[in-house]
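Novice: You'll find run.cif just under this line, and it carries mmCIF, C-alpha atoms.
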data_work
loop_
_atom_site.label_atom_id
_atom_site.label_comp_id
_atom_site.auth_asym_id
_atom_site.auth_seq_id
_atom_site.Cartn_x
_atom_site.Cartn_y
_atom_site.Cartn_z
CA MET Z 1 74.58 89.81 84.80
CA ARG Z 2 77.83 88.13 85.81
CA SER Z 3 80.94 88.96 87.85
CA PHE Z 4 82.66 90.45 84.84
CA PHE Z 5 86.03 92.08 84.69
CA GLY Z 6 85.47 94.20 87.80
CA ALA Z 7 85.28 91.15 90.02
CA THR Z 8 87.50 88.94 87.90
CA GLN Z 9 90.36 91.39 88.32
CA ILE Z 10 90.04 90.60 92.00
CA LEU Z 11 89.53 86.90 91.46
CA SER Z 12 92.23 86.55 88.77
CA LYS Z 13 90.28 83.77 87.08
CA SER Z 14 90.67 82.95 83.41
CA SER Z 15 88.80 80.65 81.09
CA SER Z 16 88.68 80.47 77.32
CA PHE Z 17 85.46 80.16 75.36
CA PHE Z 18 84.00 80.84 71.96
CA LEU Z 19 80.48 81.85 71.03
CA PRO Z 20 78.64 81.22 67.78
CA THR Z 21 77.42 84.28 65.92
CA ASN Z 22 74.20 84.46 63.95
CA PRO Z 23 73.28 87.98 62.88
CA ASN Z 24 69.79 86.91 61.81
CA LEU Z 25 69.03 85.56 65.30
CA SER Z 26 66.86 82.86 63.80
CA PHE Z 27 67.44 79.95 66.12
CA SER Z 28 65.74 76.64 66.41
CA LYS Z 29 64.24 75.95 69.80
CA THR Z 30 66.35 73.67 71.96
CA PRO Z 31 64.91 72.16 75.16
CA ILE Z 32 66.60 73.44 78.28
CA PHE Z 33 68.74 70.81 79.92
CA LEU Z 34 67.12 69.56 83.08
CA ARG Z 35 69.34 68.73 86.01
CA THR Z 36 68.35 66.10 88.52
CA PHE Z 37 67.56 67.48 91.94
CA ALA Z 38 70.11 65.23 93.61
CA ILE Z 39 73.01 66.59 91.58
CA MET Z 40 71.89 70.16 91.94
CA ALA Z 41 71.24 69.94 95.66
CA THR Z 42 74.64 68.48 96.50
CA ALA Z 43 76.55 71.55 95.33
CA ALA Z 44 73.98 74.30 95.74
CA ASP Z 45 73.05 73.38 99.33
CA GLU Z 46 76.65 73.94 100.35
CA LEU Z 47 76.91 77.30 98.60
CA VAL Z 48 73.44 78.75 99.26
CA LYS Z 49 72.46 77.87 102.80
CA GLY Z 50 68.92 78.41 104.00
CA ALA Z 51 67.46 78.18 107.50
CA VAL Z 52 64.28 79.30 109.23
CA HIS Z 53 64.79 80.45 112.81
CA PRO Z 54 62.21 79.88 115.57
CA ASN Z 55 60.94 83.49 115.49
CA GLY Z 56 60.22 83.33 111.75
CA VAL Z 57 63.34 84.92 110.27
CA ALA Z 58 64.44 82.93 107.23
CA VAL Z 59 68.12 83.39 106.42
CA ILE Z 60 69.93 82.79 103.13
CA THR Z 61 73.70 82.78 103.49
CA LEU Z 62 75.89 82.82 100.40
CA ASP Z 63 78.91 80.66 101.17
CA ARG Z 64 81.27 80.57 98.23
CA PRO Z 65 83.99 82.89 99.55
CA LYS Z 66 86.82 81.85 97.22
CA ALA Z 67 84.71 83.00 94.26
CA LEU Z 68 83.41 86.08 96.09
CA ASN Z 69 80.01 84.36 96.16
CA ALA Z 70 79.70 84.41 92.37
CA MET Z 71 76.36 82.78 91.56
CA ASN Z 72 76.13 79.80 89.22
CA ILE Z 73 72.86 78.51 87.83
CA ASP Z 74 72.38 75.82 90.48
CA MET Z 75 72.80 78.50 93.14
CA ASP Z 76 70.22 80.67 91.35
CA VAL Z 77 67.72 77.81 91.32
CA LYS Z 78 68.35 76.92 94.97
CA TYR Z 79 68.05 80.55 96.05
CA LYS Z 80 64.69 80.92 94.29
CA SER Z 81 63.42 77.61 95.68
CA TYR Z 82 63.94 78.97 99.20
CA LEU Z 83 62.05 82.15 98.38
CA ASP Z 84 59.20 80.23 96.75
CA GLN Z 85 58.86 77.95 99.76
CA TRP Z 86 59.10 80.67 102.40
CA GLU Z 87 56.66 82.99 100.67
CA LEU Z 88 53.93 80.40 101.25
CA ASP Z 89 55.00 79.51 104.78
CA PRO Z 90 52.93 81.45 107.37
CA ASN Z 91 55.65 80.87 109.97
CA VAL Z 92 58.16 82.90 107.95
CA LYS Z 93 57.96 86.61 108.80
CA CYS Z 94 60.86 87.99 106.78
CA VAL Z 95 63.92 86.98 104.75
CA LEU Z 96 67.49 88.05 105.50
CA VAL Z 97 70.26 87.51 102.94
CA ASP Z 98 73.89 87.73 103.98
CA SER Z 99 77.34 86.33 103.21
CA SER Z 100 79.70 84.06 105.07
CA SER Z 101 82.54 86.40 104.10
CA ALA Z 102 83.16 90.04 104.94
CA ARG Z 103 84.96 90.44 101.63
CA ALA Z 104 81.93 90.14 99.38
CA PHE Z 105 78.17 89.93 99.44
CA CYS Z 106 78.12 88.75 95.82
CA ALA Z 107 80.51 89.71 93.04
CA GLY Z 108 78.01 88.75 90.34
CA GLY Z 109 77.36 85.65 88.30
CA ASP Z 110 79.85 82.89 87.71
CA VAL Z 111 82.25 84.05 84.99
CA LYS Z 112 83.80 80.62 84.67
CA GLN Z 113 80.41 79.06 84.12
CA ILE Z 114 79.29 81.49 81.45
CA THR Z 115 82.55 81.15 79.56
CA ALA Z 116 81.82 77.44 79.26
CA LYS Z 117 78.43 78.12 77.69
CA ASN Z 118 78.38 78.31 73.91
CA GLN Z 119 74.86 77.30 72.90
CA LEU Z 120 71.65 79.31 72.73
CA SER Z 121 69.93 76.83 75.04
CA ASP Z 122 72.63 77.45 77.66
CA MET Z 123 72.20 81.21 77.45
CA ILE Z 124 68.43 80.87 77.74
CA GLU Z 125 68.83 78.69 80.83
CA VAL Z 126 71.19 81.13 82.53
CA PHE Z 127 69.19 84.28 81.80
CA THR Z 128 65.89 82.63 82.68
CA ALA Z 129 67.23 81.55 86.08
CA GLU Z 130 68.76 84.95 86.85
CA TYR Z 131 65.94 87.12 85.65
CA SER Z 132 63.10 85.08 87.17
CA LEU Z 133 64.94 85.27 90.50
CA ILE Z 134 65.22 89.05 90.23
CA CYS Z 135 61.49 89.33 89.54
CA LYS Z 136 60.74 87.09 92.52
CA ILE Z 137 62.81 89.35 94.80
CA SER Z 138 61.21 92.53 93.46
CA ASN Z 139 57.67 91.24 93.96
CA TYR Z 140 58.31 89.35 97.18
CA LYS Z 141 55.35 89.42 99.54
CA LYS Z 142 57.39 89.43 102.74
CA PRO Z 143 60.10 91.80 104.02
CA TYR Z 144 63.40 91.14 102.25
CA VAL Z 145 66.60 92.37 103.89
CA SER Z 146 70.03 92.32 102.22
CA PHE Z 147 73.39 92.84 103.94
CA MET Z 148 75.33 94.37 101.02
CA ASP Z 149 78.63 94.19 102.87
CA GLY Z 150 81.76 94.08 100.71
CA ILE Z 151 81.89 93.61 96.95
CA THR Z 152 78.44 93.82 95.39
CA MET Z 153 78.62 93.88 91.60
CA GLY Z 154 76.52 92.82 88.63
CA PHE Z 155 74.15 90.07 89.66
CA GLY Z 156 75.01 90.88 93.28
CA ILE Z 157 73.11 94.13 92.74
CA GLY Z 158 70.34 92.06 91.14
CA LEU Z 159 70.03 90.00 94.34
CA SER Z 160 69.95 93.04 96.62
CA GLY Z 161 69.06 96.19 94.74
CA HIS Z 162 65.43 95.20 94.10
CA GLY Z 163 64.70 94.19 97.69
CA ARG Z 164 62.95 96.38 100.26
CA TYR Z 165 65.77 96.82 102.81
CA ARG Z 166 69.25 97.30 101.37
CA ILE Z 167 71.90 97.58 104.08
CA ILE Z 168 75.25 99.02 103.07
CA THR Z 169 78.43 99.41 105.11
CA GLU Z 170 81.70 101.30 104.78
CA ARG Z 171 83.08 98.18 103.05
CA THR Z 172 80.40 98.10 100.34
CA LEU Z 173 81.76 98.31 96.79
CA LEU Z 174 79.16 98.63 94.03
CA ALA Z 175 79.62 98.56 90.25
CA MET Z 176 78.04 97.57 86.94
CA PRO Z 177 81.08 97.19 84.63
CA GLU Z 178 79.52 95.05 81.88
CA ASN Z 179 80.20 97.41 78.97
CA GLY Z 180 83.90 96.65 79.37
CA ILE Z 181 83.33 93.05 78.34
CA GLY Z 182 81.08 93.74 75.38
CA LEU Z 183 77.71 93.31 77.07
CA PHE Z 184 75.49 95.84 78.89
CA PRO Z 185 74.44 96.61 82.49
CA ASP Z 186 71.53 94.24 83.05
CA VAL Z 187 69.91 92.63 86.16
CA GLY Z 188 67.30 95.39 86.09
CA PHE Z 189 69.84 98.10 86.87
CA SER Z 190 68.21 100.35 84.26
CA HIS Z 191 65.07 100.36 86.43
CA ILE Z 192 67.09 101.44 89.47
CA ALA Z 193 68.94 103.99 87.36
CA ALA Z 194 65.72 105.53 86.07
CA GLN Z 195 64.72 106.40 89.64
CA SER Z 196 68.09 107.95 90.49
CA PRO Z 197 68.66 111.71 90.91
CA GLY Z 198 68.87 113.97 87.90
CA GLY Z 199 65.99 112.30 86.11
CA GLY Z 200 67.95 109.06 85.95
CA SER Z 201 71.19 110.68 84.83
CA VAL Z 202 73.17 109.52 87.88
CA GLY Z 203 72.24 105.90 87.25
CA ALA Z 204 72.99 106.27 83.55
CA TYR Z 205 76.40 107.70 84.43
CA LEU Z 206 77.18 104.69 86.62
CA GLY Z 207 75.93 102.18 84.06
CA ILE Z 208 77.62 103.70 81.04
CA THR Z 209 81.01 104.41 82.63
CA GLY Z 210 81.14 101.44 85.01
CA LYS Z 211 82.01 103.83 87.83
CA ARG Z 212 82.56 102.12 91.18
CA ILE Z 213 80.71 103.35 94.25
CA SER Z 214 82.84 102.94 97.35
CA THR Z 215 81.27 105.33 99.86
CA PRO Z 216 78.04 104.86 101.82
CA SER Z 217 76.92 108.40 100.99
CA ASP Z 218 77.06 107.71 97.25
CA ALA Z 219 75.30 104.35 97.63
CA LEU Z 220 72.46 106.03 99.52
CA PHE Z 221 72.30 108.98 97.12
CA VAL Z 222 71.85 106.85 94.01
CA GLY Z 223 69.29 104.67 95.79
CA LEU Z 224 71.18 101.38 95.84
CA GLY Z 225 71.21 101.41 99.62
CA THR Z 226 68.38 102.26 102.02
CA HIS Z 227 70.32 102.19 105.30
CA PHE Z 228 73.94 102.66 106.31
CA VAL Z 229 75.02 100.37 109.13
CA PRO Z 230 78.70 100.30 110.14
CA SER Z 231 80.02 96.81 109.51
CA GLN Z 232 80.82 96.36 113.20
CA ASN Z 233 77.08 96.60 113.90
CA LEU Z 234 75.85 94.06 111.34
CA GLY Z 235 76.10 91.24 113.87
CA SER Z 236 73.94 93.23 116.28
CA VAL Z 237 71.34 93.86 113.57
CA LYS Z 238 71.19 90.18 112.74
CA GLU Z 239 70.98 89.24 116.42
CA ALA Z 240 68.13 91.73 116.92
CA LEU Z 241 66.24 90.33 113.95
CA LEU Z 242 66.65 86.76 115.20
CA SER Z 243 65.44 87.65 118.70
CA THR Z 244 62.46 89.81 117.72
CA ASN Z 245 58.96 88.71 118.55
CA PHE Z 246 57.35 89.92 115.36
CA SER Z 247 54.06 91.80 115.43
CA GLN Z 248 51.32 91.70 112.82
CA ASP Z 249 53.43 94.17 110.82
CA PRO Z 250 56.99 92.81 110.42
CA HIS Z 251 57.91 95.86 108.33
CA GLU Z 252 57.48 98.14 111.33
CA ASP Z 253 59.54 95.80 113.50
CA ILE Z 254 62.36 95.79 110.94
CA LYS Z 255 62.25 99.57 110.56
CA THR Z 256 62.58 99.95 114.33
CA ILE Z 257 65.65 97.70 114.40
CA LEU Z 258 67.31 99.44 111.47
CA ALA Z 259 66.60 102.87 112.96
CA LYS Z 260 68.45 101.79 116.10
CA PHE Z 261 71.60 100.60 114.36
CA SER Z 262 71.80 102.73 111.21
CA SER Z 263 73.40 106.15 110.98
CA ASN Z 264 74.30 108.88 108.54
CA PRO Z 265 77.60 108.53 106.63
CA ASP Z 266 80.43 110.76 107.74
CA SER Z 267 81.16 112.16 104.30
CA GLU Z 268 79.01 113.96 101.73
CA SER Z 269 78.10 112.29 98.46
CA GLN Z 270 80.48 113.02 95.61
CA LEU Z 271 77.74 112.07 93.17
CA LYS Z 272 75.60 114.81 94.68
CA GLN Z 273 78.50 117.24 94.40
CA PHE Z 274 78.79 116.56 90.67
CA LEU Z 275 75.05 116.32 90.00
CA PRO Z 276 74.96 119.39 87.69
CA GLN Z 277 77.78 118.00 85.55
CA ILE Z 278 76.32 114.47 85.56
CA THR Z 279 72.89 115.73 84.55
CA SER Z 280 74.20 117.85 81.70
CA SER Z 281 76.44 115.04 80.43
CA PHE Z 282 74.34 111.91 80.96
CA GLY Z 283 70.76 113.12 80.58
CA ALA Z 284 68.38 110.83 78.73
CA ASN Z 285 68.41 113.11 75.71
CA LYS Z 286 72.18 112.82 75.26
CA SER Z 287 73.73 110.39 72.80
CA VAL Z 288 77.04 108.85 73.83
CA ILE Z 289 78.87 111.06 71.34
CA GLU Z 290 77.20 114.13 72.83
CA THR Z 291 78.10 112.90 76.30
CA ILE Z 292 81.75 112.64 75.31
CA GLU Z 293 81.67 116.14 73.83
CA GLU Z 294 80.16 117.50 77.04
CA LEU Z 295 82.78 115.75 79.17
CA LYS Z 296 85.57 117.20 77.06
CA LYS Z 297 84.22 120.67 77.79
CA TYR Z 298 84.45 119.93 81.50
CA GLN Z 299 88.10 119.01 81.03
CA SER Z 300 88.68 122.72 80.54
CA SER Z 301 86.92 123.70 83.77
CA SER Z 302 88.66 126.01 86.21
CA ASP Z 303 87.61 123.62 88.98
CA ALA Z 304 90.27 120.93 89.34
CA THR Z 305 87.80 118.48 90.91
CA VAL Z 306 85.49 118.80 87.90
CA VAL Z 307 88.43 118.21 85.54
CA GLU Z 308 89.38 115.09 87.48
CA TRP Z 309 85.77 113.87 87.40
CA ALA Z 310 85.52 114.41 83.64
CA ASN Z 311 88.83 112.64 83.01
CA GLU Z 312 87.71 109.63 85.02
CA ALA Z 313 84.35 109.48 83.25
CA LEU Z 314 86.04 109.56 79.85
CA GLN Z 315 88.43 106.81 80.92
CA GLY Z 316 85.45 104.70 81.96
CA LEU Z 317 83.76 105.29 78.61
CA GLY Z 318 86.98 104.39 76.84
CA LYS Z 319 86.89 100.88 78.29
CA GLY Z 320 83.47 100.05 76.90
CA ALA Z 321 82.64 98.44 73.58
CA PRO Z 322 81.18 101.14 71.28
CA PHE Z 323 78.15 98.99 70.50
CA SER Z 324 77.57 98.34 74.22
CA LEU Z 325 77.86 102.04 75.05
CA PHE Z 326 75.38 102.94 72.33
CA LEU Z 327 73.01 100.21 73.48
CA THR Z 328 73.26 101.15 77.16
CA GLN Z 329 72.48 104.81 76.50
CA LYS Z 330 69.53 103.92 74.26
CA TYR Z 331 68.18 101.36 76.72
CA PHE Z 332 68.55 103.47 79.86
CA SER Z 333 66.95 106.40 78.05
CA LYS Z 334 63.94 104.27 77.10
CA VAL Z 335 63.49 103.04 80.68
CA ALA Z 336 63.90 106.51 82.19
CA SER Z 337 61.35 107.94 79.76
CA ALA Z 338 58.87 105.16 80.63
CA LEU Z 339 59.01 105.78 84.39
CA GLY Z 340 55.56 106.60 85.73
CA LYS Z 341 53.77 105.76 82.49
CA ASN Z 342 51.57 102.78 83.31
CA ASP Z 343 50.83 102.07 79.65
CA ASN Z 344 54.54 101.50 78.94
CA GLN Z 345 55.95 98.02 79.60
CA LEU Z 346 59.28 99.51 80.64
CA SER Z 347 57.65 101.35 83.56
CA THR Z 348 57.77 98.20 85.70
CA LEU Z 349 60.69 95.96 86.63
CA THR Z 350 58.90 92.92 85.24
CA GLY Z 351 58.50 94.66 81.90
CA VAL Z 352 62.12 95.76 82.01
CA MET Z 353 63.31 92.19 82.64
CA LYS Z 354 61.26 90.84 79.73
CA THR Z 355 62.86 93.38 77.40
CA GLU Z 356 66.26 92.83 78.97
CA TYR Z 357 65.96 89.12 78.29
CA ARG Z 358 65.68 89.78 74.56
CA ILE Z 359 68.69 92.09 74.66
CA ALA Z 360 70.76 89.74 76.80
CA VAL Z 361 70.19 86.62 74.70
CA ARG Z 362 71.18 88.49 71.56
CA SER Z 363 74.07 90.45 73.09
CA SER Z 364 75.65 87.32 74.56
CA LEU Z 365 75.90 85.86 71.06
CA ARG Z 366 77.64 88.90 69.55
CA ASN Z 367 81.36 88.76 68.80
CA ASP Z 368 82.06 91.62 71.21
CA PHE Z 369 81.29 89.35 74.17
CA ALA Z 370 83.76 86.71 73.04
CA GLU Z 371 86.35 89.38 72.34
CA GLY Z 372 85.78 91.08 75.68
CA VAL Z 373 86.28 87.81 77.53
CA ARG Z 374 89.42 87.09 75.50
CA ALA Z 375 90.96 90.48 76.24
CA VAL Z 376 90.02 90.70 79.91
CA LEU Z 377 89.95 87.10 81.12
CA VAL Z 378 91.93 84.90 78.74
CA ASP Z 379 94.86 86.75 77.19
CA LYS Z 380 94.51 89.61 79.68
CA ASP Z 381 96.03 92.06 77.23
CA GLN Z 382 93.26 94.55 78.07
CA ASN Z 383 93.16 95.44 74.39
CA PRO Z 384 89.86 94.20 72.95
CA LYS Z 385 89.24 94.57 69.23
CA TRP Z 386 85.64 95.74 69.23
CA ASN Z 387 83.41 95.48 66.20
CA PRO Z 388 82.46 98.16 65.41
CA SER Z 389 85.54 99.88 66.76
CA ARG Z 390 84.14 103.43 66.86
CA LEU Z 391 80.88 104.93 68.09
CA GLU Z 392 80.38 106.59 64.72
CA GLU Z 393 80.29 103.14 63.11
CA VAL Z 394 77.50 101.73 65.29
CA ASN Z 395 74.42 100.95 63.24
CA GLU Z 396 71.42 102.28 65.17
CA ASN Z 397 69.12 99.83 63.41
CA GLU Z 398 71.17 96.93 64.79
CA VAL Z 399 70.79 98.35 68.27
CA GLU Z 400 67.04 98.81 67.92
CA ALA Z 401 66.73 95.25 66.61
CA LEU Z 402 67.82 93.93 70.00
CA PHE Z 403 64.57 95.19 71.52
CA GLU Z 404 62.33 93.40 69.06
CA PRO Z 405 60.39 90.20 69.95
CA LEU Z 406 62.44 87.05 69.67
CA SER Z 407 62.14 84.58 66.83
CA PRO Z 408 58.95 82.49 66.99
CA ASN Z 409 61.23 79.53 67.75
CA VAL Z 410 62.61 81.17 70.92
CA GLU Z 411 60.33 81.65 73.90
CA GLU Z 412 60.10 85.03 75.62
CA LEU Z 413 60.84 85.32 79.33
CA SER Z 414 57.87 84.11 81.34
CA VAL Z 415 57.63 85.76 84.77
#
Could you take the file, read its structure, and then write that structure out as structure tokens?
Specialist:
Amino acid sequence: MRSFFGATQILSKSSSFFLPTNPNLSFSKTPIFLRTFAIMATAADELVKGAVHPNGVAVITLDRPKALNAMNIDMDVKYKSYLDQWELDPNVKCVLVDSSSARAFCAGGDVKQITAKNQLSDMIEVFTAEYSLICKISNYKKPYVSFMDGITMGFGIGLSGHGRYRIITERTLLAMPENGIGLFPDVGFSHIAAQSPGGGSVGAYLGITGKRISTPSDALFVGLGTHFVPSQNLGSVKEALLSTNFSQDPHEDIKTILAKFSSNPDSESQLKQFLPQITSSFGANKSVIETIEELKKYQSSSDATVVEWANEALQGLGKGAPFSLFLTQKYFSKVASALGKNDNQLSTLTGVMKTEYRIAVRSSLRNDFAEGVRAVLVDKDQNPKWNPSRLEEVNENEVEALFEPLSPNVEELSV
């Protein structure tokens, strides 16, 4: 979703906000506020720059370096408008997305913006913009290439992780840390996780614990990256793309370029090394409580590296809101179980995003979100008072209710 505490620890931003709570989730429909194009274009054009080069390569450059390219709603809308336009333009052969800064591709959504939102209509507007953009990227009819160089978290993964060509470098830093702020890993990450090794257990491990991926080998292993290109070669890749005389099959042209400049990472994947432990601890059939019990067993391992891994995983779990942890495990399990079953809505990313929309709208109005923001961004005491405070106190019926259709007065996501 947004650039939560993982990126905000880097940004050191703080904003106070309060959210209304309505446990019955029976809201009256409020029209989404419509911005004028002139106002939107002034800011968004400077932060999301688009250009079509003579050979047909359309480039989107995120240019908000001081905020690590955190995306606000105007940027979301501008970004999608480029994709909509270029998809219909026969002169456009492929789309390349990069950043003006080597520090970050995109740290997520705009934390400052979301903390200023306190109405249902605002939440609907934000999630609709984000999720419709993700679906556009996933179903894009032309080659879509992302340079995931630097920090790529939350919505940054949404912008890149569902595209066809996902280029990572030794500087890539990936994470989905939303549980630590009382929400859940969204932006379709559950769909990516379901396809990860171990029957989806590796992705579940990353989503539930908020574990950061900082090595190319791990990024490739989990499936977030498709190619490893050393950062010093990114300029050459871009130059090759911009000078290519594309054939009738741009995909083959792009594959040829990437094969020339990509390489295998120097180190082995740690995620692969711990795959047996990850699978036994984070399998779809494991509740969070059972996961914790399994990790505690690994703390007694004779292998010091396994003990260290288990300790780190438990620390990651300890930062998450109990309700969020319970929700994430339940949600990821549902999506993993649906994979390959065409009669299940959760088997496709579009179906996942429609369900995620229901969960996100409701989760963003829970007290845990306000408390997570207070503890991490406002007071910065890193001591959130979650409600419920223990996993054993989470009401499973309340979790399941998040998946149900929205009130008749609230429209579902239309993509």
Novice: On this file, the PyMOL selection byres ((chain Z and resi 284) around 9) gives some set of residues; write that set as a PDB file with C-alpha atoms, keeping the file's coordinate frame.
Specialist:
ATOM      1  CA  GLY Z 199      65.990 112.300  86.110  1.00  0.00           C
ATOM      2  CA  GLY Z 200      67.950 109.060  85.950  1.00  0.00           C
ATOM      3  CA  SER Z 201      71.190 110.680  84.830  1.00  0.00           C
ATOM      4  CA  ALA Z 204      72.990 106.270  83.550  1.00  0.00           C
ATOM      5  CA  THR Z 279      72.890 115.730  84.550  1.00  0.00           C
ATOM      6  CA  PHE Z 282      74.340 111.910  80.960  1.00  0.00           C
ATOM      7  CA  GLY Z 283      70.760 113.120  80.580  1.00  0.00           C
ATOM      8  CA  ASN Z 285      68.410 113.110  75.710  1.00  0.00           C
ATOM      9  CA  LYS Z 286      72.180 112.820  75.260  1.00  0.00           C
ATOM     10  CA  SER Z 287      73.730 110.390  72.800  1.00  0.00           C
ATOM     11  CA  GLN Z 329      72.480 104.810  76.500  1.00  0.00           C
ATOM     12  CA  LYS Z 330      69.530 103.920  74.260  1.00  0.00           C
ATOM     13  CA  PHE Z 332      68.550 103.470  79.860  1.00  0.00           C
ATOM     14  CA  SER Z 333      66.950 106.400  78.050  1.00  0.00           C
ATOM     15  CA  LYS Z 334      63.940 104.270  77.100  1.00  0.00           C
ATOM     16  CA  ALA Z 336      63.900 106.510  82.190  1.00  0.00           C
ATOM     17  CA  SER Z 337      61.350 107.940  79.760  1.00  0.00           C
TER      18      SER Z 337
END
Novice: Restricting the calculation to only C-alpha atoms, which member of Z:Leu96, Z:Leu224, Z:Ile151, Z:Leu242 is positioned closest to Pro54 of chain Z?
Specialist: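 Going through Z:Leu96, Z:Leu224, Z:Ile151, Z:Leu242 one by one, the smallest distance to Pro54 of chain Z is for Z:Leu242.
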Novice: At most 10 Å from (78.1, 74.5, 100.3), file frame, only C-alpha atoms: which residues, as an MDAnalysis selection string?
Specialist: chainID Z and resid 41:49 61:64 75
Novice: Translate the PyMOL selection byres ((chain Z and resi 84) around 12) into a concrete residue list for this structure, as a list of chain:residue names.
Specialist: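 In the shown coordinates, the PyMOL selection byres ((chain Z and resi 84) around 12) covers Z:Val77, Z:Lys78, Z:Tyr79, Z:Lys80, Z:Ser81, Z:Tyr82, Z:Leu83, Z:Gln85, Z:Trp86, Z:Glu87, Z:Leu88, Z:Asp89, Z:Val92, Z:Val95, Z:Ser132, Z:Leu133, Z:Cys135, Z:Lys136, Z:Ile137, Z:Asn139, Z:Tyr140, Z:Lys141, Z:Lys142.
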Novice: Once the PyMOL selection byres ((chain Z and resi 233) around 12) has been evaluated on this model, what residues remain selected, and can you format them as number ranges by chain?
Specialist: Z: 147, 149, 167-170, 228-232, 234-240, 257-258, 260-263
Novice: Can you tell me how far atom CA of Glu308 of chain Z sits from atom CA of Ile289 of chain Z, in Å to one decimal?
Specialist: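 Distance reported for this atom pair: 19.7 Å.
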Novice: Between atom CA of Val145 of chain Z and atom CA of Gln345 of chain Z, measure the distance and give it in Å to one decimal.
Specialist: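 Here the two named atoms are 27.1 Å from each other.
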Novice: If I take atom CA of Arg103 of chain Z and atom CA of Lys66 of chain Z, how far is one from the other in Å, to one decimal?
Specialist: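 Taking atom CA of Arg103 of chain Z as the start and atom CA of Lys66 of chain Z as the end point, the length is 9.8 Å.
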Novice: Just checking: using all atoms listed in the file, which residue out of Z:Thr355, Z:Ser281, Z:Val307, Z:Thr291 ends up closest to Ala401 of chain Z?
Specialist: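 The answer is Z:Thr355, which sits nearest to Ala401 of chain Z.
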Novice: Counting only C-alpha atoms, which of Z:Ser389, Z:Asn179, Z:Ser121, Z:Gln195 gets nearest to Val373 of chain Z?
Specialist: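 Smallest distance to Val373 of chain Z is found for Z:Asn179.
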Novice: Which residue gives the smallest distance to Pro250 of chain Z among Z:Tyr144, Z:Asn409, Z:Glu178, Z:Asp122, with only C-alpha atoms counted?
Specialist: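 Using only C-alpha atoms, the shortest distance to Pro250 of chain Z belongs to Z:Tyr144.
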Novice: From the block you just saw, export segment 236-259 of chain Z: C-alpha atoms, as a PDB file, in the first residue's frame.
Specialist:
ATOM      1  CA  SER Z 236      23.775   0.621 -20.907  1.00  0.00           C
ATOM      2  CA  VAL Z 237      20.506  -1.328 -20.789  1.00  0.00           C
ATOM      3  CA  LYS Z 238      18.507   1.859 -21.130  1.00  0.00           C
ATOM      4  CA  GLU Z 239      20.734   3.089 -23.953  1.00  0.00           C
ATOM      5  CA  ALA Z 240      20.316  -0.241 -25.768  1.00  0.00           C
ATOM      6  CA  LEU Z 241      16.546  -0.088 -25.413  1.00  0.00           C
ATOM      7  CA  LEU Z 242      16.426   3.477 -26.728  1.00  0.00           C
ATOM      8  CA  SER Z 243      18.585   2.629 -29.751  1.00  0.00           C
ATOM      9  CA  THR Z 244      16.894  -0.636 -30.739  1.00  0.00           C
ATOM     10  CA  ASN Z 245      15.063  -0.919 -34.011  1.00  0.00           C
ATOM     11  CA  PHE Z 246      12.228  -3.066 -32.736  1.00  0.00           C
ATOM     12  CA  SER Z 247      11.020  -6.066 -34.716  1.00  0.00           C
ATOM     13  CA  GLN Z 248       7.484  -7.394 -34.910  1.00  0.00           C
ATOM     14  CA  ASP Z 249       8.136  -9.058 -31.548  1.00  0.00           C
ATOM     15  CA  PRO Z 250       9.446  -6.463 -29.053  1.00  0.00           C
ATOM     16  CA  HIS Z 251       9.549  -9.128 -26.333  1.00  0.00           C
ATOM     17  CA  GLU Z 252      12.294 -10.992 -28.171  1.00  0.00           C
ATOM     18  CA  ASP Z 253      14.242  -7.777 -28.674  1.00  0.00           C
ATOM     19  CA  ILE Z 254      14.027  -6.975 -24.953  1.00  0.00           C
ATOM     20  CA  LYS Z 255      15.035 -10.505 -23.968  1.00  0.00           C
ATOM     21  CA  THR Z 256      18.103 -10.241 -26.190  1.00  0.00           C
ATOM     22  CA  ILE Z 257      19.150  -6.976 -24.549  1.00  0.00           C
ATOM     23  CA  LEU Z 258      18.613  -8.262 -21.028  1.00  0.00           C
ATOM     24  CA  ALA Z 259      20.502 -11.480 -21.791  1.00  0.00           C
TER      25      ALA Z 259
END
